[in-house]
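*Asks:* Sharing final-v4.pdb, PDB, C-alpha atoms:
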```pdb
ATOM      1  CA  MET A   1       6.017  19.422  -2.173
ATOM      2  CA  SER A   2       3.473  21.974  -3.321
ATOM      3  CA  SER A   3       3.710  25.502  -1.997
ATOM      4  CA  ASP A   4       0.315  26.364  -3.426
ATOM      5  CA  HIS A   5      -1.913  26.859  -0.431
ATOM      6  CA  ALA A   6      -4.825  28.256  -2.408
ATOM      7  CA  ASP A   7      -6.967  25.176  -1.823
ATOM      8  CA  ILE A   8      -6.155  24.698   1.827
ATOM      9  CA  ARG A   9      -9.144  24.591   4.209
ATOM     10  CA  PRO A  10      -9.447  26.476   7.501
ATOM     11  CA  LEU A  11      -7.278  25.041  10.321
ATOM     12  CA  GLU A  12      -5.315  22.779   7.964
ATOM     13  CA  ILE A  13      -1.534  22.695   8.439
ATOM     14  CA  ALA A  14       0.957  22.381   5.590
ATOM     15  CA  VAL A  15       4.653  21.692   6.031
ATOM     16  CA  SER A  16       7.143  23.497   3.891
ATOM     17  CA  GLY A  17      10.264  22.328   2.139
ATOM     18  CA  GLN A  18      10.938  19.866  -0.613
ATOM     19  CA  ALA A  19      10.162  16.206  -0.102
ATOM     20  CA  GLY A  20      13.219  13.999  -0.168
ATOM     21  CA  VAL A  21      13.667  11.349  -2.838
ATOM     22  CA  ASP A  22      14.453   8.137  -1.034
ATOM     23  CA  ALA A  23      13.043   5.603  -3.502
ATOM     24  CA  THR A  24      11.470   5.510  -6.941
ATOM     25  CA  LEU A  25       8.336   3.940  -8.369
ATOM     26  CA  GLN A  26       7.459   2.634 -11.803
ATOM     27  CA  PHE A  27       3.904   2.654 -13.093
ATOM     28  CA  ILE A  28       3.019  -0.868 -14.227
ATOM     29  CA  GLY A  29      -0.505  -0.288 -15.488
ATOM     30  CA  ARG A  30      -3.485   2.013 -15.517
ATOM     31  CA  ILE A  31      -6.898   1.869 -13.872
ATOM     32  CA  GLN A  32     -10.106   2.689 -15.710
ATOM     33  CA  THR A  33     -13.047   3.735 -13.555
ATOM     34  CA  PRO A  34     -16.244   5.746 -14.209
ATOM     35  CA  PHE A  35     -15.011   8.358 -11.726
ATOM     36  CA  THR A  36     -13.671  11.237 -13.810
ATOM     37  CA  ASP A  37     -13.668  13.812 -11.024
ATOM     38  CA  ARG A  38     -12.806  13.590  -7.337
ATOM     39  CA  SER A  39     -16.348  14.609  -6.393
ATOM     40  CA  LEU A  40     -17.631  11.479  -8.167
ATOM     41  CA  CYS A  41     -15.343   9.076  -6.286
ATOM     42  CA  PRO A  42     -17.070   7.099  -3.548
ATOM     43  CA  ARG A  43     -15.588   7.539  -0.089
ATOM     44  CA  GLN A  44     -14.927   3.807  -0.035
ATOM     45  CA  GLY A  45     -15.411   1.295  -2.834
ATOM     46  CA  ARG A  46     -18.530  -0.858  -2.564
ATOM     47  CA  PRO A  47     -18.946  -4.497  -3.598
ATOM     48  CA  ASP A  48     -22.018  -3.472  -5.598
ATOM     49  CA  GLY A  49     -20.107  -0.643  -7.268
ATOM     50  CA  PRO A  50     -19.464  -0.458 -11.008
ATOM     51  CA  GLU A  51     -17.040  -2.732 -12.834
ATOM     52  CA  CYS A  52     -13.617  -1.163 -13.244
ATOM     53  CA  ARG A  53     -10.720  -2.298 -15.439
ATOM     54  CA  ILE A  54      -7.093  -2.630 -14.394
ATOM     55  CA  GLU A  55      -4.775  -2.811 -17.413
ATOM     56  CA  ILE A  56      -1.335  -4.304 -16.721
ATOM     57  CA  PHE A  57       1.455  -3.172 -19.051
ATOM     58  CA  PRO A  58       4.014  -5.643 -20.435
ATOM     59  CA  PRO A  59       6.233  -7.210 -19.211
ATOM     60  CA  TRP A  60       4.265  -7.230 -15.945
ATOM     61  CA  ASP A  61       1.271  -8.985 -17.495
ATOM     62  CA  GLN A  62       3.361 -12.171 -17.113
ATOM     63  CA  ALA A  63       3.114 -11.696 -13.331
ATOM     64  CA  LEU A  64      -0.661 -12.357 -13.423
ATOM     65  CA  GLN A  65      -0.167 -16.150 -13.581
ATOM     66  CA  GLY A  66      -2.461 -17.696 -10.944
ATOM     67  CA  ILE A  67      -4.306 -14.469 -10.049
ATOM     68  CA  GLU A  68      -7.596 -15.989 -11.238
ATOM     69  CA  ASP A  69      -7.612 -18.234  -8.146
ATOM     70  CA  TYR A  70      -8.236 -15.243  -5.886
ATOM     71  CA  PRO A  71     -11.741 -13.804  -5.504
ATOM     72  CA  ARG A  72     -10.308 -10.856  -3.547
ATOM     73  CA  ILE A  73      -7.175  -8.903  -4.398
ATOM     74  CA  GLU A  74      -5.457  -5.841  -3.006
ATOM     75  CA  VAL A  75      -4.698  -3.025  -5.449
ATOM     76  CA  LEU A  76      -2.066  -0.343  -4.834
ATOM     77  CA  TYR A  77      -2.113   2.806  -6.952
ATOM     78  CA  TRP A  78      -0.556   6.237  -7.151
ATOM     79  CA  LEU A  79      -2.807   9.177  -6.262
ATOM     80  CA  ASP A  80      -1.167  11.359  -8.871
ATOM     81  CA  ARG A  81      -3.360  14.403  -8.403
ATOM     82  CA  SER A  82      -2.836  14.790  -4.650
ATOM     83  CA  ARG A  83      -0.854  17.421  -2.800
ATOM     84  CA  ARG A  84       1.625  15.901  -0.343
ATOM     85  CA  ASP A  85       2.292  18.584   2.223
ATOM     86  CA  LEU A  86      -0.608  18.534   4.718
ATOM     87  CA  VAL A  87      -0.016  17.163   8.226
ATOM     88  CA  VAL A  88      -3.418  18.232   9.577
ATOM     89  CA  GLN A  89      -6.613  18.159   7.508
ATOM     90  CA  ASN A  90     -10.174  19.370   7.828
ATOM     91  CA  PRO A  91     -12.267  16.854   5.880
ATOM     92  CA  GLY A  92     -15.609  18.173   7.089
ATOM     93  CA  HIS A  93     -14.877  21.873   6.467
ATOM     94  CA  SER A  94     -15.651  22.250  10.163
ATOM     95  CA  ASP A  95     -13.814  23.086  13.358
ATOM     96  CA  ARG A  96     -12.721  19.473  13.742
ATOM     97  CA  THR A  97      -9.323  18.542  12.350
ATOM     98  CA  PHE A  98      -7.494  15.231  12.000
ATOM     99  CA  GLY A  99      -3.896  14.297  11.492
ATOM    100  CA  THR A 100      -3.231  12.954   8.006
ATOM    101  CA  PHE A 101      -2.502   9.495   9.446
ATOM    102  CA  ALA A 102      -5.954   9.431  11.090
ATOM    103  CA  LEU A 103      -7.596   9.804   7.661
ATOM    104  CA  ARG A 104      -7.711   7.804   4.428
ATOM    105  CA  SER A 105      -7.689  11.048   2.434
ATOM    106  CA  PRO A 106      -5.692  10.988  -0.848
ATOM    107  CA  VAL A 107      -3.572  13.857   0.507
ATOM    108  CA  ARG A 108      -0.537  12.200   2.156
ATOM    109  CA  PRO A 109       3.267  12.415   2.197
ATOM    110  CA  ASN A 110       3.418   9.371  -0.080
ATOM    111  CA  PRO A 111       0.078   9.321  -1.904
ATOM    112  CA  ILE A 112      -0.366   5.573  -2.301
ATOM    113  CA  GLY A 113      -3.934   4.276  -2.331
ATOM    114  CA  THR A 114      -4.816   0.754  -1.222
ATOM    115  CA  CYS A 115      -8.100  -0.996  -1.879
ATOM    116  CA  MET A 116      -9.332  -4.562  -1.429
ATOM    117  CA  VAL A 117     -11.478  -5.437  -4.455
ATOM    118  CA  ASP A 118     -13.511  -8.315  -5.858
ATOM    119  CA  LEU A 119     -11.972  -9.909  -8.939
ATOM    120  CA  VAL A 120     -14.814 -10.447 -11.429
ATOM    121  CA  ARG A 121     -12.791 -11.885 -14.326
ATOM    122  CA  VAL A 122      -9.475 -11.788 -16.154
ATOM    123  CA  GLU A 123      -9.400 -10.673 -19.812
ATOM    124  CA  GLY A 124      -5.827 -11.169 -20.996
ATOM    125  CA  ASN A 125      -3.796  -8.358 -19.438
ATOM    126  CA  VAL A 126      -6.897  -6.715 -17.909
ATOM    127  CA  LEU A 127      -8.447  -7.452 -14.518
ATOM    128  CA  VAL A 128     -12.135  -6.593 -14.234
ATOM    129  CA  VAL A 129     -12.919  -5.763 -10.600
ATOM    130  CA  ARG A 130     -15.525  -4.203  -8.309
ATOM    131  CA  SER A 131     -15.094  -2.001  -5.187
ATOM    132  CA  LEU A 132     -12.515   0.438  -6.551
ATOM    133  CA  ASP A 133     -12.850   4.066  -5.559
ATOM    134  CA  CYS A 134     -10.098   5.861  -7.478
ATOM    135  CA  LEU A 135     -10.117   8.353 -10.343
ATOM    136  CA  ASP A 136     -10.137   7.221 -13.949
ATOM    137  CA  GLY A 137      -6.601   6.996 -15.321
ATOM    138  CA  THR A 138      -4.933   6.360 -11.946
ATOM    139  CA  PRO A 139      -1.489   4.722 -12.325
ATOM    140  CA  LEU A 140      -1.136   1.173 -11.002
ATOM    141  CA  LEU A 141       1.665   0.242  -8.592
ATOM    142  CA  ASP A 142       0.976  -3.304  -7.432
ATOM    143  CA  ILE A 143      -1.503  -6.151  -7.081
ATOM    144  CA  LYS A 144      -1.410  -8.621  -4.193
ATOM    145  CA  PRO A 145      -3.665 -11.481  -3.175
ATOM    146  CA  ASP A 146      -5.962 -10.915  -0.232
ATOM    147  CA  ARG A 147      -4.120 -11.562   3.030
ATOM    148  CA  CYS A 148      -6.283 -14.457   4.135
ATOM    149  CA  ALA A 149      -6.015 -16.280   0.836
ATOM    150  CA  PHE A 150      -2.232 -16.245   0.809
ATOM    151  CA  SER A 151      -1.259 -18.841   3.340
ATOM    152  CA  PRO A 152      -2.754 -21.871   1.591
ATOM    153  CA  LYS A 153      -0.953 -20.935  -1.628
ATOM    154  CA  ALA A 154       2.486 -21.285  -0.148
ATOM    155  CA  ALA A 155       3.851 -24.768  -0.594
ATOM    156  CA  PRO A 156       4.215 -26.603   2.704
ATOM    157  CA  LYS A 157       7.762 -27.026   3.926
ATOM    158  CA  PRO A 158       9.097 -30.463   3.076
ATOM    159  CA  ALA A 159       8.754 -32.955   5.915
ATOM    160  CA  GLY A 160      11.869 -34.157   7.622
TER
ATOM    161  CA  MET B 161      16.391  -3.340 -11.572
ATOM    162  CA  SER B 162      18.915  -5.918 -10.492
ATOM    163  CA  SER B 163      20.687  -7.938 -13.138
ATOM    164  CA  ASP B 164      22.136 -10.280 -10.541
ATOM    165  CA  HIS B 165      20.391 -13.571 -11.094
ATOM    166  CA  ALA B 166      22.603 -15.478  -8.694
ATOM    167  CA  ASP B 167      19.797 -15.970  -6.180
ATOM    168  CA  ILE B 168      17.084 -16.884  -8.650
ATOM    169  CA  ARG B 169      15.295 -20.200  -8.044
ATOM    170  CA  PRO B 170      14.528 -22.854 -10.660
ATOM    171  CA  LEU B 171      11.713 -21.870 -13.075
ATOM    172  CA  GLU B 172      11.653 -18.240 -11.919
ATOM    173  CA  ILE B 173      11.469 -15.587 -14.644
ATOM    174  CA  ALA B 174      13.224 -12.220 -14.446
ATOM    175  CA  VAL B 175      12.599  -9.335 -16.812
ATOM    176  CA  SER B 176      15.508  -7.287 -18.034
ATOM    177  CA  GLY B 177      15.958  -3.575 -18.455
ATOM    178  CA  GLN B 178      15.927  -0.664 -16.087
ATOM    179  CA  ALA B 179      12.780   0.212 -14.199
ATOM    180  CA  GLY B 180      11.313   3.562 -15.147
ATOM    181  CA  VAL B 181      11.095   6.394 -12.635
ATOM    182  CA  ASP B 182       7.530   7.629 -12.705
ATOM    183  CA  ALA B 183       7.167   8.881  -9.129
ATOM    184  CA  THR B 184       9.282   9.353  -6.020
ATOM    185  CA  LEU B 185       8.871   8.390  -2.388
ATOM    186  CA  GLN B 186      10.109   9.940   0.825
ATOM    187  CA  PHE B 187      10.788   7.873   3.909
ATOM    188  CA  ILE B 188       8.838   9.364   6.824
ATOM    189  CA  GLY B 189       9.917   7.035   9.603
ATOM    190  CA  ARG B 190      11.519   3.758  10.495
ATOM    191  CA  ILE B 191      10.155   0.474  11.830
ATOM    192  CA  GLN B 192      11.820  -1.459  14.634
ATOM    193  CA  THR B 193      11.050  -5.184  14.809
ATOM    194  CA  PRO B 194      12.819  -8.203  16.345
ATOM    195  CA  PHE B 195      13.222  -9.648  12.824
ATOM    196  CA  THR B 196      16.815  -8.983  11.826
ATOM    197  CA  ASP B 197      16.931 -11.478   8.967
ATOM    198  CA  ARG B 198      14.367 -12.457   6.331
ATOM    199  CA  SER B 199      14.340 -16.038   7.625
ATOM    200  CA  LEU B 200      13.084 -14.717  10.986
ATOM    201  CA  CYS B 201      10.145 -12.772   9.507
ATOM    202  CA  PRO B 202       6.780 -14.452   9.956
ATOM    203  CA  ARG B 203       4.923 -15.181   6.732
ATOM    204  CA  GLN B 204       2.112 -12.973   8.025
ATOM    205  CA  GLY B 205       2.032 -10.854  11.159
ATOM    206  CA  ARG B 206       0.084 -12.337  14.068
ATOM    207  CA  PRO B 207      -1.994 -10.504  16.668
ATOM    208  CA  ASP B 208      -0.066 -12.341  19.371
ATOM    209  CA  GLY B 209       3.266 -11.423  17.772
ATOM    210  CA  PRO B 210       5.890  -9.259  19.480
ATOM    211  CA  GLU B 211       5.503  -5.530  20.036
ATOM    212  CA  CYS B 212       7.126  -3.488  17.302
ATOM    213  CA  ARG B 213       7.869   0.254  17.214
ATOM    214  CA  ILE B 214       7.105   2.644  14.380
ATOM    215  CA  GLU B 215       9.071   5.893  14.722
ATOM    216  CA  ILE B 216       7.677   8.839  12.751
ATOM    217  CA  PHE B 217      10.195  11.516  11.769
ATOM    218  CA  PRO B 218       9.376  15.231  12.066
ATOM    219  CA  PRO B 219       7.498  17.058  10.624
ATOM    220  CA  TRP B 220       5.247  14.039   9.998
ATOM    221  CA  ASP B 221       4.780  13.332  13.713
ATOM    222  CA  GLN B 222       2.249  16.191  13.614
ATOM    223  CA  ALA B 223       0.112  14.016  11.329
ATOM    224  CA  LEU B 224      -0.520  11.513  14.171
ATOM    225  CA  GLN B 225      -3.250  13.707  15.719
ATOM    226  CA  GLY B 226      -6.259  11.441  16.397
ATOM    227  CA  ILE B 227      -4.522   8.160  15.567
ATOM    228  CA  GLU B 228      -5.053   6.936  19.143
ATOM    229  CA  ASP B 229      -8.769   6.498  18.382
ATOM    230  CA  TYR B 230      -8.025   3.588  16.047
ATOM    231  CA  PRO B 231      -7.388   0.107  17.439
ATOM    232  CA  ARG B 232      -6.364  -1.085  13.962
ATOM    233  CA  ILE B 233      -4.185   0.770  11.497
ATOM    234  CA  GLU B 234      -2.702   0.004   8.106
ATOM    235  CA  VAL B 235       1.055   0.424   7.714
ATOM    236  CA  LEU B 236       2.816   0.890   4.365
ATOM    237  CA  TYR B 237       6.570   0.396   4.160
ATOM    238  CA  TRP B 238       9.369   0.074   1.642
ATOM    239  CA  LEU B 239      10.870  -3.393   1.223
ATOM    240  CA  ASP B 240      14.310  -1.946   0.649
ATOM    241  CA  ARG B 241      16.184  -5.221   0.394
ATOM    242  CA  SER B 242      14.036  -6.770  -2.353
ATOM    243  CA  ARG B 243      14.905  -7.353  -5.979
ATOM    244  CA  ARG B 244      12.265  -5.939  -8.338
ATOM    245  CA  ASP B 245      12.634  -7.879 -11.562
ATOM    246  CA  LEU B 246      10.814 -11.214 -11.102
ATOM    247  CA  VAL B 247       7.520 -11.786 -12.905
ATOM    248  CA  VAL B 248       7.271 -15.485 -11.975
ATOM    249  CA  GLN B 249       8.405 -16.865  -8.617
ATOM    250  CA  ASN B 250       8.923 -20.269  -7.040
ATOM    251  CA  PRO B 251       8.197 -19.758  -3.327
ATOM    252  CA  GLY B 252       8.238 -23.460  -2.479
ATOM    253  CA  HIS B 253      11.455 -24.320  -4.331
ATOM    254  CA  SER B 254       9.284 -26.826  -6.184
ATOM    255  CA  ASP B 255       7.905 -27.328  -9.671
ATOM    256  CA  ARG B 256       4.992 -25.003  -8.906
ATOM    257  CA  THR B 257       5.383 -21.362  -9.874
ATOM    258  CA  PHE B 258       3.209 -18.298  -9.313
ATOM    259  CA  GLY B 259       3.027 -14.913 -10.935
ATOM    260  CA  THR B 260       4.333 -12.155  -8.688
ATOM    261  CA  PHE B 261       0.817 -10.690  -8.382
ATOM    262  CA  ALA B 262      -0.482 -14.029  -7.061
ATOM    263  CA  LEU B 263       1.965 -13.830  -4.137
ATOM    264  CA  ARG B 264       2.576 -11.487  -1.215
ATOM    265  CA  SER B 265       6.335 -12.029  -1.589
ATOM    266  CA  PRO B 266       8.532  -8.949  -0.936
ATOM    267  CA  VAL B 267       9.913  -9.305  -4.478
ATOM    268  CA  ARG B 268       7.725  -7.034  -6.656
ATOM    269  CA  PRO B 269       8.061  -4.293  -9.280
ATOM    270  CA  ASN B 270       7.276  -1.702  -6.602
ATOM    271  CA  PRO B 271       8.272  -3.338  -3.310
ATOM    272  CA  ILE B 272       5.686  -1.758  -1.023
ATOM    273  CA  GLY B 273       4.547  -3.824   1.945
ATOM    274  CA  THR B 274       1.121  -3.389   3.532
ATOM    275  CA  CYS B 275       0.080  -4.745   6.893
ATOM    276  CA  MET B 276      -2.970  -4.245   9.107
ATOM    277  CA  VAL B 277      -1.756  -4.039  12.712
ATOM    278  CA  ASP B 278      -3.102  -3.580  16.231
ATOM    279  CA  LEU B 279      -2.195  -0.244  17.791
ATOM    280  CA  VAL B 280      -1.107  -0.960  21.368
ATOM    281  CA  ARG B 281      -0.180   2.586  22.426
ATOM    282  CA  VAL B 282       1.263   5.893  21.289
ATOM    283  CA  GLU B 283       4.505   7.161  22.879
ATOM    284  CA  GLY B 284       5.095  10.621  21.457
ATOM    285  CA  ASN B 285       6.279  10.130  17.887
ATOM    286  CA  VAL B 286       6.356   6.328  18.261
ATOM    287  CA  LEU B 287       3.497   3.896  17.626
ATOM    288  CA  VAL B 288       3.766   0.601  19.462
ATOM    289  CA  VAL B 289       1.965  -2.088  17.450
ATOM    290  CA  ARG B 290       1.512  -5.845  17.060
ATOM    291  CA  SER B 291       1.130  -8.003  13.906
ATOM    292  CA  LEU B 292       3.984  -6.534  11.873
ATOM    293  CA  ASP B 293       6.038  -8.927   9.783
ATOM    294  CA  CYS B 294       8.787  -6.780   8.276
ATOM    295  CA  LEU B 295      12.540  -6.612   8.803
ATOM    296  CA  ASP B 296      14.070  -4.400  11.484
ATOM    297  CA  GLY B 297      14.982  -0.984  10.062
ATOM    298  CA  THR B 298      12.376  -1.022   7.289
ATOM    299  CA  PRO B 299      11.568   2.502   6.020
ATOM    300  CA  LEU B 300       8.042   3.785   6.683
ATOM    301  CA  LEU B 301       5.895   5.196   3.852
ATOM    302  CA  ASP B 302       2.435   5.771   5.293
ATOM    303  CA  ILE B 303      -0.068   5.038   8.057
ATOM    304  CA  LYS B 304      -3.817   4.888   7.443
ATOM    305  CA  PRO B 305      -6.749   4.017   9.675
ATOM    306  CA  ASP B 306      -8.375   0.650   9.170
ATOM    307  CA  ARG B 307     -10.896   0.801   6.348
ATOM    308  CA  CYS B 308     -13.907  -0.035   8.465
ATOM    309  CA  ALA B 309     -13.120   2.542  11.091
ATOM    310  CA  PHE B 310     -12.860   5.403   8.645
ATOM    311  CA  SER B 311     -16.419   6.167   7.739
ATOM    312  CA  PRO B 312     -17.636   7.259  11.164
ATOM    313  CA  LYS B 313     -14.720   9.685  11.470
ATOM    314  CA  ALA B 314     -15.745  11.751   8.474
ATOM    315  CA  ALA B 315     -18.010  14.601   9.474
ATOM    316  CA  PRO B 316     -21.524  14.197   8.106
ATOM    317  CA  LYS B 317     -22.372  16.464   5.221
ATOM    318  CA  PRO B 318     -24.400  19.476   6.391
ATOM    319  CA  ALA B 319     -28.146  19.016   6.012
ATOM    320  CA  GLY B 320     -29.933  21.035   3.344
TER
END
```
So that I can check it, write out the structure of this file as structure tokens.

*Replies:*
Amino acid sequence: MSSDHADIRPLEIAVSGQAGVDATLQFIGRIQTPFTDRSLCPRQGRPDGPECRIEIFPPWDQALQGIEDYPRIEVLYWLDRSRRDLVVQNPGHSDRTFGTFALRSPVRPNPIGTCMVDLVRVEGNVLVVRSLDCLDGTPLLDIKPDRCAFSPKAAPKPAG
Amino acid sequence: MSSDHADIRPLEIAVSGQAGVDATLQFIGRIQTPFTDRSLCPRQGRPDGPECRIEIFPPWDQALQGIEDYPRIEVLYWLDRSRRDLVVQNPGHSDRTFGTFALRSPVRPNPIGTCMVDLVRVEGNVLVVRSLDCLDGTPLLDIKPDRCAFSPKAAPKPAG
């Protein structure tokens, strides 16, 4: 957990102490977006936003089988440039604060971003998508089909 | 990564080798559900499902400030009983396989579950919710407001 409070805003609250290590993550790909600085990132991705590219590293490219059937997919990524120690934040630089769990800010105890995106096309081990809002170079954690599209994909239980 | 292939289904494909450690997670709470075995978990949470309790550990309970304004919240949790090494899965025990990224199965390279739930009430450091589908005792990673509800919460940028 960072102890650098230089960039903290008025009324924000940081917690001290080291974060525990309860589980580990592996980066399985990398996301390319036009957003090279946090100030350029949209607050939420838009369906008419720019095309972005999600590169999946081997051996996980094998796990893309069937992804092309989904027009909407959920992308999970690691917000690797975020501090992790704020419990209360001041997004508007005002006198109004919010708990971290009442915001979708990248600053969180476990900085995992989630975004539902439109799948434009698959190019080998690269997914071309729209509606992403993350920084260029963001590490990829997971891809899941859209919730609603899942159920029909599961094979029905055998009768009898 | 598990090398125990005893529970692998026909046509499933596991990848070998240890998973890298690129980032670490801390568990910030624990989820209580009536689902004590994977066979009892619903395939997707339902709005008319049972009430479940999300306990947030200190100091992260301070980050709940304002959460009560959201009828819908997103919950991220760690699927701590999942193997992580399958790239192709056979959910129907049939001849039809799917890449891991074309399924919402708990078996994934980074076993993070996401679920959009209805917030019923807040009891101190506990959120009572409906629509969860995870096992009892699942570790909590994060809570975020519903995507749609976020925008109005951000303070408008000052004019001029």

*Asks:* Set out as a tab-separated table a contact list for chain B and chain A with a cut-off of 7 Å, giving each residue of chain B that qualifies its closest atom pair and distance in Å to one decimal, counting all atoms listed in the file, ordered by chain and rising residue number.

*Replies:*
```
residue	atom	partner	partner_atom	distance
B:Ala179	CA	A:Gln26	CA	6.3
B:Gly180	CA	A:Gln26	CA	5.2
B:Val181	CA	A:Gln26	CA	5.3
B:Asp182	CA	A:Gln26	CA	5.1
B:Ala183	CA	A:Leu25	CA	5.1
B:Thr184	CA	A:Thr24	CA	4.5
B:Leu185	CA	A:Ala23	CA	5.1
B:Gln186	CA	A:Asp22	CA	5.1
B:Phe187	CA	A:Asp22	CA	6.2
B:Trp220	CA	A:Val87	CA	6.4
B:Gln222	CA	A:Val87	CA	5.9
B:Ala223	CA	A:Gly99	CA	4.0
B:Leu224	CA	A:Gly99	CA	5.1
B:Gln225	CA	A:Gly99	CA	4.3
B:Gly226	CA	A:Ala102	CA	5.7
B:Ile227	CA	A:Ala102	CA	4.9
B:Val247	CA	A:Ala63	CA	4.4
B:Val248	CA	A:Ala63	CA	5.8
B:Pro251	CA	A:Ala154	CA	6.7
B:Gly252	CA	A:Ala155	CA	5.0
B:Phe258	CA	A:Gln65	CA	5.9
B:Gly259	CA	A:Ala63	CA	4.0
B:Thr260	CA	A:Ala63	CA	4.8
B:Phe261	CA	A:Lys144	CA	5.2
B:Ala262	CA	A:Ile67	CA	4.9
B:Leu263	CA	A:Pro145	CA	6.2
B:Arg264	CA	A:Lys144	CA	5.7
B:Asn270	CA	A:Leu25	CA	6.0
B:Leu301	CA	A:Asn110	CA	6.2
B:Asp302	CA	A:Asn110	CA	6.5
B:Ile303	CA	A:Phe101	CA	5.3
B:Lys304	CA	A:Phe101	CA	5.2
B:Pro305	CA	A:Ala102	CA	5.7
B:Phe310	CA	A:Leu103	CA	6.9
B:Ala314	CA	A:Gly92	CA	6.6
B:Ala315	CA	A:Gly92	CA	4.9
```

*Asks:* Taking into account all atoms listed in the file, which residue in the set A:Pro10, A:Pro50, A:Pro106, A:Gly45 is nearest to Thr33 (chain A)?

*Replies:* A:Pro50

*Asks:* Run the PyMOL selection byres ((chain B and resi 196) around 12) on the file and write out the hits as a count of residues only.

*Replies:* 17

*Asks:* Please expand the PyMOL selection byres ((chain B and resi 288) around 8) into the concrete residues it hits in this file, giving the result as a list in words.

*Replies:* Glu211, Cys212, Arg213, Ile214, Leu279, Val280, Arg281, Val282, Glu283, Val286, Leu287, Val289 and Arg290 of chain B

*Asks:* I need the residues from that last selection saved to file as a short mmCIF file (atom, residue, chain, number, x, y, z; two decimals), keeping the file's coordinate frame (with C-alpha atoms), if you can.

*Replies:*
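Saved as out27.cif:
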```cif
data_model
loop_
_atom_site.label_atom_id
_atom_site.label_comp_id
_atom_site.auth_asym_id
_atom_site.auth_seq_id
_atom_site.Cartn_x
_atom_site.Cartn_y
_atom_site.Cartn_z
CA GLU B 211 5.50 -5.53 20.04
CA CYS B 212 7.13 -3.49 17.30
CA ARG B 213 7.87 0.25 17.21
CA ILE B 214 7.10 2.64 14.38
CA LEU B 279 -2.19 -0.24 17.79
CA VAL B 280 -1.11 -0.96 21.37
CA ARG B 281 -0.18 2.59 22.43
CA VAL B 282 1.26 5.89 21.29
CA GLU B 283 4.50 7.16 22.88
CA VAL B 286 6.36 6.33 18.26
CA LEU B 287 3.50 3.90 17.63
CA VAL B 289 1.96 -2.09 17.45
CA ARG B 290 1.51 -5.84 17.06
#
```

*Asks:* From the set B:Arg206, B:Arg244, B:Arg169, B:Arg190, which residue has the shortest atom-to-atom contact distance to Leu292 (chain B), counting only C-alpha atoms?

*Replies:* B:Arg206

*Asks:* From the options B:Gly284, B:Pro207, B:Gly189, B:Gly177, which residue's atoms come nearest to Tyr237 (chain B), counting all atoms listed in the file?

*Replies:*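 Closest residue, counting all atoms listed in the file: B:Gly189.
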